[in-house]
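Visitor: Could you have a look at this structure, given as C-alpha cells, before my questions?
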Amino acid sequence: DAKNLIVSFGEMLIDFVPTVSGVSLAEAPGFLKAPGGAPANVAIAVRRLGGKSAFVGKLGDDEFGIMLAKILKENGVNIDGICFDKGARTALAFVTLKSDGDREFMFYRNPSADMLLIPDELNLELIRSAKVFHYGSISLIVEPCRSAHLKAMEVAKEAGALLSYDPNLRLPLWPSPEEARKQIMSIWDQAELIKVSDNELEFLTGSDKIDDETAMSLWHPNLKLLLVTLGDKGCNYYTKDFHGTVPAFPVKAVDTTGAGDSFVGALLTKIVDDQSVLQDEAKLKEILRYSCACGAITTTKKGAIPALPSVAEVHTFLDA
Ligand code: ADP
C-alpha cells in the first residue's frame with residue numbers, strides 16, 4: 001500500500017571496522033567496510049521485515065556513495081530521495097572496537113556530502129507520501145543540512161506523517177555537549193514517537209537514574225510513545241495512559257551495532273500499519289516484544305545491515 005511508506009531521513013556512511021578488538025584500525029591486521037548510518041539501517045530493517053521504505057539524504061559522487069545507494073536499492077529501499085554531491089566525499093567512520101565491547105569512532109566529515117544537503121534538493125513529493133517520517137540528529141549538527149532536516153520534518157508533518165525520532169547521539173561529532181543537547185531539544189517536542197537509549201536519557205536529563213520519573217521528565221504533549229532502550233535489559237515504554245517494561249531476549253551478543261535501528265525498524269513497520277496500537281497496551285507490548293526480538297537477533301551477528309533480520313528469521317527466533 002503506497003500509503004504505508006516509511007521515509008528515513010539523514011546520513012549514510014561506511015564504517016571501517018577492524019577485524020580484531022582492542023587495537024586501533026591502524027594497528028589491526030585487517031578491516032571490513034560496513035555500510036551504516038542509523039537512518040539507512042532503519043530503512044533496510046523495515047524492508048527486511050516486509051515494510052515499504054525510502055531513504056532521503058546526500059552521498060558523495062564517489063565509489064562509496066555509489067556502493068551505498070546500490071546497497072539500499074538491492075534491499076528494496078526507494079532511493080528517489082538520494083542526491084549526490086559533485087565535490088564532497090561520502091562520510092566515513094573509522095571504528096575502534098575496545099576490549100570491553102564498546103566502540104569508538106573517528107569520522108571523515110570535513111565536510112562530507114551528507115552535511116551539504118540543501119532544502120532545495122529535498123524530494124518533497126516523496127517526503128509528502130510518508131506515513132511515518134523517521135530521523136536522527138547528525139543532520140542537525142551544521143548548516144546547510146540542518147535547514148534541510150527542519151524543512152523535511154515540516155513538510156512531512158504538514159502532509160500528516162507520524163514523526164519518529166531517534167537522537168542517535170554521536171557526541172564526538174558535535175562542537176560541544178551543550179550544543180548537542182540544545183539542538184536535540186530544539187526539535188524534541190515535534191516528534192510523536194521518540195526512542196532514546198539509556199545513555200541518551202542520562203545525557204539529555206543530566207540524571208544518572210534510569211527510572212520512570214527521569215524518562216517522564218522528557219515527556220511533551222505531542223508525544224504518543226516514548227521508548228527507552230536498555231540493551232540486554234529490554235526497553236521501557238511510556239504513553240500518556242500507561243507505561244511498563246518489555247524484557248530482552250537472552251542471546252549471546254557478538255556485536256550490538258544496529259540493535260537499536262533494528263528495534264526501531266521493527267516498531268515502525270508495525271505502527272505504520274495500525275497506529276491504534278499506541279493506545280492499546282497489550283498490542284503495544286506484543287509489538288515491542290517483536291522489536292526486542294529483532295534487536296536481539298541483530299546482536300548475534302557482526303555488522304549492522306548484514307545482521308538485520310527477515311520476517312522468517314524473527315518468527316523462527318520467537319517460536320524457538
Ligand atoms: P541502542 O542501539 O539504541 O543503544 P540497544 O542497544 O538498547 O539500543 O538495543 C535495542 C534493543 O535491542 C534493546 O531494547 C533490546 O531489546 C535489544 N538488545 C540490545 N542488546 C541486546 C543484548 N545484548 N541482548 C539481548 N537483546 C539486546
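Chain labels run A, B, ... following the order of the C-alpha cells; each chain numbers its residues from 1, and ligands are numbered from 1 in the order shown.
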List the spatial neighbours of A:Arg146 as a ChimeraX atom specification - criterion: any atom at most 10 Å away, only C-alpha atoms, same-chain residues fewer than 3 positions off excluded.

Guide: /A:115-119,137-143,149-152,183

Visitor: Please, which residues in chain A fall within 7 Å of ligand 1 when counting only C-alpha atoms and all ligand atoms, and what is the closest atom pair and distance in Å to one decimal for each, ordered by chain then residue number, as a tab-separated table?

Guide:
```
residue	atom	partner	partner_atom_place_in_ligand_line	distance
A:Asn168	CA	ligand 1	3 (O)	7.0
A:Val196	CA	ligand 1	3 (O)	6.4
A:Ser197	CA	ligand 1	4 (O)	4.7
A:Thr229	CA	ligand 1	7 (O)	4.0
A:Leu230	CA	ligand 1	7 (O)	4.2
A:Gly231	CA	ligand 1	7 (O)	3.2
A:Asp232	CA	ligand 1	22 (C)	3.7
A:Lys233	CA	ligand 1	15 (C)	6.5
A:Gly234	CA	ligand 1	14 (O)	3.9
A:Cys235	CA	ligand 1	14 (O)	4.5
A:Pro247	CA	ligand 1	16 (O)	6.9
A:Ala248	CA	ligand 1	16 (O)	4.4
A:Phe249	CA	ligand 1	25 (C)	5.0
A:Pro250	CA	ligand 1	25 (C)	5.2
A:Val251	CA	ligand 1	24 (N)	5.3
A:Lys252	CA	ligand 1	24 (N)	6.9
A:Ala253	CA	ligand 1	23 (N)	5.0
A:Thr256	CA	ligand 1	20 (N)	5.7
A:Thr257	CA	ligand 1	2 (O)	6.6
A:Gly258	CA	ligand 1	2 (O)	5.9
A:Ala259	CA	ligand 1	9 (O)	4.5
A:Gly260	CA	ligand 1	2 (O)	3.4
A:Asp261	CA	ligand 1	2 (O)	6.5
A:Phe263	CA	ligand 1	11 (C)	5.4
A:Ser291	CA	ligand 1	16 (O)	6.7
A:Cys292	CA	ligand 1	16 (O)	3.4
A:Ala293	CA	ligand 1	16 (O)	6.3
A:Cys294	CA	ligand 1	12 (O)	6.8
A:Gly295	CA	ligand 1	12 (O)	3.3
A:Ala296	CA	ligand 1	26 (N)	3.7
A:Thr299	CA	ligand 1	20 (N)	6.0
```

Visitor: At a cut-off of 7 Å, using only C-alpha atoms, what residues contact stretch 55-64 of chain A? Leave out same-chain residues fewer than 4 positions from it and give the result as a PyMOL selection string.

Guide: chain A and resi 7-11+40+43+68+77-79+81-86+88-90+113-114+117

Visitor: Using DSSP on the backbone, list every residue of stretch 108-212 of chain A that comes out as strand (DSSP E or B), and give them as a compact mmCIF listing (two decimals) with C-alpha atoms, in the first residue's frame.

Guide:
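Full text of result.txt as output:
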```txt
# COMPACT_ATOMS: atom_id res chain seq x y z
CA TYR A 108 35.73 11.78 7.92
CA ALA A 130 5.42 9.28 4.01
CA LYS A 131 3.07 7.83 6.56
CA VAL A 132 5.94 7.72 9.05
CA PHE A 133 8.88 10.10 8.81
CA HIS A 134 11.92 8.96 10.80
CA TYR A 135 15.09 10.94 11.55
CA LEU A 162 3.84 10.48 12.14
CA LEU A 163 7.22 11.92 13.13
CA SER A 164 9.62 9.41 14.66
CA TYR A 165 12.88 10.49 16.28
CA LEU A 193 7.44 8.84 18.74
CA ILE A 194 10.85 9.05 20.38
CA LYS A 195 13.33 6.30 21.12
CA VAL A 196 16.31 7.04 23.32
CA SER A 197 18.93 4.72 24.76
```

Visitor: Would you work out the distance separating atom CA of A:Ile6 from atom CA of A:Leu49, expressed in Å to one decimal?

Guide: 12.3 Å

Visitor: Which is closer to A:Ile210 than all the others in A:Asp189, A:Asn236, A:Leu318, A:Ala307, using only C-alpha atoms?

Guide: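 Residue with the minimum atom-to-atom distance to A:Ile210: A:Asn236.
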
Visitor: Report the distance between atom CA of A:Ala215 and atom CA of A:Pro175 in Å, rounded to one decimal place.

Guide: 25.8 Å

Visitor: Record the distance separating atom CA of A:Arg103 and atom CA of A:Ala91, expressed in Å with one decimal.

Guide: 17.6 Å

Visitor: I want to know what sits within 9 Å of A:Glu200, based on only C-alpha atoms, with residues of the same chain fewer than 4 positions away left out; could you give that as a list in words?

Guide: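 Returned residues: Pro167, Asn168, Leu169, Val196, Leu204, Thr205 and Val228 of chain A.
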
Visitor: Take the selection from the previous step and output its residues with C-alpha atoms, as a JSON list (two decimals), in the first residue's frame.

Guide:
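And here is the file that came out, selection29.json:
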```
[["chain", "number", "residue", "atom", "x", "y", "z"],
["A", 167, "PRO", "CA", 18.53, 11.16, 18.56],
["A", 168, "ASN", "CA", 21.32, 8.65, 17.98],
["A", 169, "LEU", "CA", 23.80, 10.78, 19.77],
["A", 196, "VAL", "CA", 16.31, 7.04, 23.32],
["A", 204, "LEU", "CA", 19.58, 14.65, 28.00],
["A", 205, "THR", "CA", 18.26, 14.79, 31.54],
["A", 228, "VAL", "CA", 14.00, 3.92, 26.46]]
```

Visitor: For A:Gly303, work out the shell of residues within 9 Å, counting only C-alpha atoms and skipping chain neighbours fewer than 5 positions away, then give it as a ChimeraX atom specification.

Guide: /A:17,34-36,255-258,298,308

Visitor: Could you save the residues just selected, with C-alpha atoms, as an mmCIF file, in the first residue's frame?

Guide:
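This went into part.cif:
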```
data_model
loop_
_atom_site.group_PDB
_atom_site.id
_atom_site.type_symbol
_atom_site.label_atom_id
_atom_site.label_comp_id
_atom_site.auth_asym_id
_atom_site.auth_seq_id
_atom_site.Cartn_x
_atom_site.Cartn_y
_atom_site.Cartn_z
ATOM 1 C CA VAL A 17 35.787 -1.836 11.317
ATOM 2 C CA ALA A 34 30.487 -1.938 6.747
ATOM 3 C CA PRO A 35 27.726 0.240 5.340
ATOM 4 C CA GLY A 36 25.852 2.052 8.076
ATOM 5 C CA ASP A 255 28.217 -7.142 18.101
ATOM 6 C CA THR A 256 25.482 -4.759 19.219
ATOM 7 C CA THR A 257 25.877 -2.434 16.213
ATOM 8 C CA GLY A 258 22.484 -1.754 14.688
ATOM 9 C CA THR A 298 20.916 -8.237 15.348
ATOM 10 C CA LEU A 308 19.110 -7.105 10.320
#
```

Visitor: Leaving out A:His243 and any residue of its chain fewer than 5 positions from it, which residues lie within 12 Å of it when counting only C-alpha atoms, given as a PyMOL selection string?

Guide: chain A and resi 211-213+215-216+224-228+235-238+278-282+284-285
